[in-house]
Amino acid sequence: MNIPNAPHISRVQIQNFRNFYYIDAELSHKQVIIGENNVGKTNFLRAIQLILDPKLSDEDRFLNETDFYEGLESPMENGDEVKVTIDIKGFAHNKMLLAILSDATLNDDPATLRLTYHYYPTQNDDGTYEYQYRIFQGTKEDVPFTHYHRRYLNLKVIPAIRDVETEMKNIRKSPINQLLKNYDIRKEELKGIADRLKETSDEVLSIDELIHLTDSINSRFSTVIGQQVDSTVSLETIDLDPNRILNTLKIMIGQGQRPVSDTSLGLNNILYISLILLSLEDNTIPPILKEDTFIKLLEEEGSEILKQCYLQNSNGNYILKEILTSENQTTLYTFMDTYVGDNKGFTILAIEEPEAHLHPALQRLIFKDVMKQNTSVLMTTHSPHITSVAPINSIVHLRSLKNGTTVKTTASLSLSERDCKDLERYVDVKKGEIYFGKGVVLVEGVAEEYLIPSFAEALHMPLDQKGIICCTINSTNFKPYVQFLDALGIPYVVITDGDYYFRESATSKKVFGYMYDEQHEYYGYDGLDRTRKILLELGKVDESHIPSDINDEDEFYKQYDFFIGIHTMEIDMMDNSSDKEIFTKVFNELTSGGETQKNNFKTSLDSKNYVSCLSKIESKHSRIGKGRFAQGLSTECTKDNIPSYIEEAIQSIFSKVDDL
């Protein structure tokens with residue numbers, strides 16, 4: 001059913017709380033919070049809990065000195081403050097929330113609520129400070145946000161360390177019991193069922209063995225306590241009190257009907273999260289209406305929509321049709337919101353590490369299910385299997401820097417549909433590795449993916465040592481990747497081929513496949529042209545600032561993290577190396593051709609016809625290919641074989657990571 005998304009947190013500002021000195025993050029309806037250990041993922045949620053979590057007591061909302069930003073010295077002696085502000089959007093369709101939190105309104109277009117937690121000092125006569133907190137609506141510090149308001153807008157946290165089995169057995173906490181509250185189950189129906197069950201269950205108690213057991217218990221019990229109190233013991237098979245009969249419901253799994261205590265932790269984890277999500281769904285449109293309720297609603301204005309959407313069953317109840325038109329859904333939602341309403345309010349769900357006890361395939365499945373629901377969700381995870389299938393605009397990326405943890409999000413990232421699909425597919429195939437690097441080297445293809453790490457080793461700058469990831473995008477379309485990494489605040493460099501070309505005249509087409517020649521009057525580098533286009537489209541440079549001289553243009557782009565070759569990487573390696581024997585050695589080891597082909601390769605290499613060498617590597621006769629040749633070179637190359645632009649790029653990304 002096409003139900004509007006529930007309200008969600010659209011912005012979080014945190015000042016002086018735990019890992020955070022100051023952060024200002026935009027969020028969307030579904031968010032995946034990632035980052036290394038101890039970076040502050042749980043603390044990010046905790047800051048929001050200070051405002052929205054109804055389970056926190058007033059005492060829980062008082063902070064200790066250890067709750068202040070760790071970079072502050074003696075914060076409570078110096079009168080420092082903690083402030084957490086959240087903005088809420090996506091509630092415009094809900095009249096109840098609009099009315100109850102009208103004082104929290106910040107904007108009308110789009111409709112936005114603001115709530116703030118403020119932990120602040122008042123100074124005593126002796127100069128010391130005494131702290132208190134207030135949680136207020138909008139910009140009005142004298143209008144409180146209280147436990148009453150949390151009935152209608154709140155946060156539920158499913159912690160990383162959770163006892164799912166106990167939670168599902170607990171009468172008060174069980175998600176099954178929470179789900180039952182969504183239905184209009186009448187007491188008189190339950191009483192009739194309970195009476196019939198009792199007649200049957202009492203037959204069990206007539207078994208001789210049970211009669212003897214009852215008598216034995218009573219005899220022993222009365223001997224101990226005497227007859228001074230009403231102490232007769234009896235047995236009963238099940239609780240048949242109509243008020244409590246629903247509490248006896250149990251979840252059983254599988255054809256063998258195994259209780260949750262006999263199933264795996266992983267399966268219970270999925271079941272529990274699924275039940276919680278179900279309990280938080282918007283129930284403004286009831287799936288079942290009792291006959292008297294249906295008849296009463298027919299008296300209201302606009303009630304003709306009911307007959308179009310509900311059918312009466314043999315029990316006399318009215319059941320919502322499985323398929324409704326979009327127009328009917330919208331009309332019915334408005335009608336029910338006006339005359340029935342869902343007074344339980346809205347809950348934003350926070351799940352810490354949903355991957356606990358789950359096989360990788362199940363991790364992906366539970367995440368995809370979560371993302372399909374209309375419930376607003378904040379999810380922390382360490383799992384690359386989850387991040388690999390997370391929508392590109394759902395990432396909240398935490399990084400630990402010298403001035404505290406920073407938070408970058410992709411909620412407002414603007415990508416074309418094609419770029420978004422390509423990027424999501426890339427992240428999926430690569431299992432989200434781009435998220436987990438302290439720095440990223442973006443390269444065109446598999447040849448660079450083999451060689452760049454080997455070059456870094458030869459320069460005594462191993463990428464793994466600094467947590468730097470080499471990511472091949474299998475194209476030259478670096479733009480969406482640059483946008484993505486910029487949004488997440490992850491340092492990067494781009495290494496791309498120069499792809500030298502010349503023109504017969506100033507207006508003629510580009511001619512590729514040749515080495516640089518001074519006799520070419522009209523020439524250029526496709527790598528420079530591509531980089532110019534990307535940086536202009538991203539608004540990183542002004543065209544008037546780009547140097548007209550090609551050599552200066554190449555240097556200019558380095559300050560924007562683009563490092564561009566002259567030809568292709570293989571040709572630049574050959575042209576740069578003083579000892580070219582390595583190329584002959586690798587070619588001879590890998591080629592399927594005979595001595596003639598090997599000699600032809602060496603002749604081209606010695607005559608500096610490197611374009612011809614590359615052609616022979618890619619030839620169907622040699623059956624090598626650029627990727628295989630690069631793999632062979634990766635185990636043999638030395639510092640002498642590294643093109644200067646690649647060496648500069650590696651030095652640059654190392655420096656960026658060191659400065660974090």
# chains A, B, ... in the order shown; residues from 1 in each chain; ligands from 1
call {"tool": "residues_around", "arguments": {"residues": "region 470-477 of chain A", "least_positions_apart": "3", "cutoff": "7 Å", "atoms": "only C-alpha atoms", "output": "PyMOL selection string"}}
result
chain A and resi 440-446+449
call {"tool": "residues_around", "arguments": {"residues": "Ser416 (chain A)", "least_positions_apart": "2", "cutoff": "12 Å", "atoms": "only C-alpha atoms", "output": "mmCIF file with C-alpha atoms, in the first residue's frame"}}
result
data_model
loop_
_atom_site.group_PDB
_atom_site.id
_atom_site.type_symbol
_atom_site.label_atom_id
_atom_site.label_comp_id
_atom_site.auth_asym_id
_atom_site.auth_seq_id
_atom_site.Cartn_x
_atom_site.Cartn_y
_atom_site.Cartn_z
ATOM 1 C CA ILE A 392 24.067 6.057 -2.485
ATOM 2 C CA LEU A 413 24.106 14.411 -3.189
ATOM 3 C CA SER A 414 22.840 15.235 -6.673
ATOM 4 C CA ARG A 418 22.635 6.797 -14.774
ATOM 5 C CA ASP A 419 25.566 7.889 -12.587
ATOM 6 C CA CYS A 420 23.691 6.854 -9.449
ATOM 7 C CA LYS A 421 22.992 3.373 -10.826
ATOM 8 C CA ASP A 422 26.587 2.963 -12.003
ATOM 9 C CA LEU A 423 27.962 4.063 -8.638
ATOM 10 C CA LYS A 479 32.734 12.663 -11.952
ATOM 11 C CA PRO A 480 30.183 10.732 -9.790
ATOM 12 C CA GLN A 483 31.173 13.917 -6.054
#
call {"tool": "closest_residue", "arguments": {"among": "A:Ala456, A:Val340, A:Ile650, A:Leu210", "to": "Lys95 (chain A)", "atoms": "only C-alpha atoms"}}
result
A:Val340
call {"tool": "residues_around", "arguments": {"residues": "Phe562 (chain A)", "least_positions_apart": "6", "cutoff": "7 Å", "atoms": "only C-alpha atoms", "output": "list in words"}}
result
Val493, Val494 and Ile495 of chain A
call {"tool": "closest_residue", "arguments": {"among": "A:Val657, A:Ser279, A:Tyr514, A:Glu521", "to": "Gly437 (chain A)", "atoms": "only C-alpha atoms"}}
result
A:Val657
call {"tool": "residues_around", "arguments": {"residues": "region 593-605 of chain A", "least_positions_apart": "3", "cutoff": "8 Å", "atoms": "only C-alpha atoms", "output": "PyMOL selection string"}}
result
chain A and resi 574+580+584+587-588+608-610+612-613+616+621-622
call {"tool": "select_by_dssp", "arguments": {"residues": "region 382-413 of chain A", "states": "strand (DSSP E or B)", "output": "list in words"}}
result
Ile395, Val396, His397, Leu398, Arg399, Ser400, Leu401, Gly404, Thr405, Thr406, Val407, Lys408 and Thr409 of chain A
call {"tool": "closest_residue", "arguments": {"among": "A:Tyr133, A:Arg11, A:Phe478, A:Gly467", "to": "Lys533 (chain A)", "atoms": "only C-alpha atoms"}}
result
A:Phe478
call {"tool": "closest_atom_pairs", "arguments": {"of": "region 266-292 of chain A", "to": "region 351-356 of chain A", "cutoff": "12 Å", "atoms": "only C-alpha atoms", "output": "CSV"}}
result
residue,atom,partner,partner_atom,distance
A:Gly266,CA,A:Ala356,CA,7.0
A:Leu267,CA,A:Ala356,CA,10.4
A:Asn268,CA,A:Ala356,CA,10.6
A:Asn269,CA,A:Ala356,CA,7.6
A:Ile270,CA,A:Pro354,CA,8.3
A:Leu271,CA,A:Pro354,CA,11.5
A:Tyr272,CA,A:Pro354,CA,10.5
A:Ile273,CA,A:Pro354,CA,8.2
A:Ser274,CA,A:Pro354,CA,11.1
A:Ile276,CA,A:Ile351,CA,10.4
A:Leu277,CA,A:Ile351,CA,10.6
call {"tool": "residues_around", "arguments": {"residues": "region 550-553 of chain A", "least_positions_apart": "2", "cutoff": "10 Å", "atoms": "only C-alpha atoms", "output": "list of chain:residue names"}}
result
A:Tyr523, A:Gly524, A:Tyr525, A:Leu528, A:Arg532, A:His545, A:Ile546, A:Pro547, A:Ser548, A:Glu555, A:Phe556, A:Tyr557, A:Lys558
call {"tool": "write_last_selection", "arguments": {"atoms": "C-alpha atoms", "output": "PDB file, in the first residue's frame"}}
result
ATOM      1  CA  TYR A 523      47.888  18.483 -30.429  1.00  0.00           C
ATOM      2  CA  GLY A 524      46.477  17.915 -26.980  1.00  0.00           C
ATOM      3  CA  TYR A 525      45.692  15.392 -24.268  1.00  0.00           C
ATOM      4  CA  LEU A 528      43.288  17.115 -19.788  1.00  0.00           C
ATOM      5  CA  ARG A 532      38.632  20.191 -17.538  1.00  0.00           C
ATOM      6  CA  HIS A 545      41.398  30.533 -14.321  1.00  0.00           C
ATOM      7  CA  ILE A 546      42.491  27.492 -16.350  1.00  0.00           C
ATOM      8  CA  PRO A 547      45.951  28.114 -17.896  1.00  0.00           C
ATOM      9  CA  SER A 548      46.138  28.188 -21.687  1.00  0.00           C
ATOM     10  CA  GLU A 555      50.058  21.350 -13.010  1.00  0.00           C
ATOM     11  CA  PHE A 556      46.889  23.350 -12.351  1.00  0.00           C
ATOM     12  CA  TYR A 557      44.737  20.203 -12.133  1.00  0.00           C
ATOM     13  CA  LYS A 558      47.009  18.604  -9.554  1.00  0.00           C
TER      14      LYS A 558
END
call {"tool": "residues_around", "arguments": {"residues": "Ser57 (chain A)", "least_positions_apart": "5", "cutoff": "10 Å", "atoms": "only C-alpha atoms", "output": "number ranges by chain"}}
result
A: 50, 62, 147
call {"tool": "atom_distance", "arguments": {"atom1": "CA of Leu205 (chain A)", "atom2": "CA of Lys187 (chain A)"}}
result
26.4 Å
call {"tool": "closest_residue", "arguments": {"among": "A:Glu322, A:Glu417, A:Glu636, A:Glu141", "to": "Ile582 (chain A)", "atoms": "only C-alpha atoms"}}
result
A:Glu636
call {"tool": "residues_around", "arguments": {"residues": "His149 (chain A)", "least_positions_apart": "5", "cutoff": "10 Å", "atoms": "only C-alpha atoms", "output": "ChimeraX atom specification"}}
result
/A:52,54,97,100-101,144,154,345
call {"tool": "write_last_selection", "arguments": {"atoms": "C-alpha atoms", "output": "short mmCIF file (atom, residue, chain, number, x, y, z; two decimals), in the first residue's frame"}}
result
data_model
loop_
_atom_site.label_atom_id
_atom_site.label_comp_id
_atom_site.auth_asym_id
_atom_site.auth_seq_id
_atom_site.Cartn_x
_atom_site.Cartn_y
_atom_site.Cartn_z
CA LEU A 52 13.54 11.61 21.56
CA PRO A 54 11.06 7.90 25.96
CA LEU A 97 1.70 15.91 14.93
CA ILE A 100 0.80 18.79 19.15
CA LEU A 101 4.16 20.23 18.07
CA PRO A 144 9.47 22.42 26.63
CA ASN A 154 9.95 9.28 19.63
CA GLY A 345 2.30 8.67 17.20
#
call {"tool": "closest_residue", "arguments": {"among": "A:Gln15, A:Ser326, A:Thr334, A:Ser619", "to": "Leu72 (chain A)", "atoms": "only C-alpha atoms"}}
result
A:Gln15
call {"tool": "closest_residue", "arguments": {"among": "A:Thr122, A:Thr105, A:Gln308, A:Ser216", "to": "Asn328 (chain A)", "atoms": "only C-alpha atoms"}}
result
A:Gln308
call {"tool": "atom_distance", "arguments": {"atom1": "CA of Asn19 (chain A)", "atom2": "CA of Gly138 (chain A)"}}
result
25.5 Å
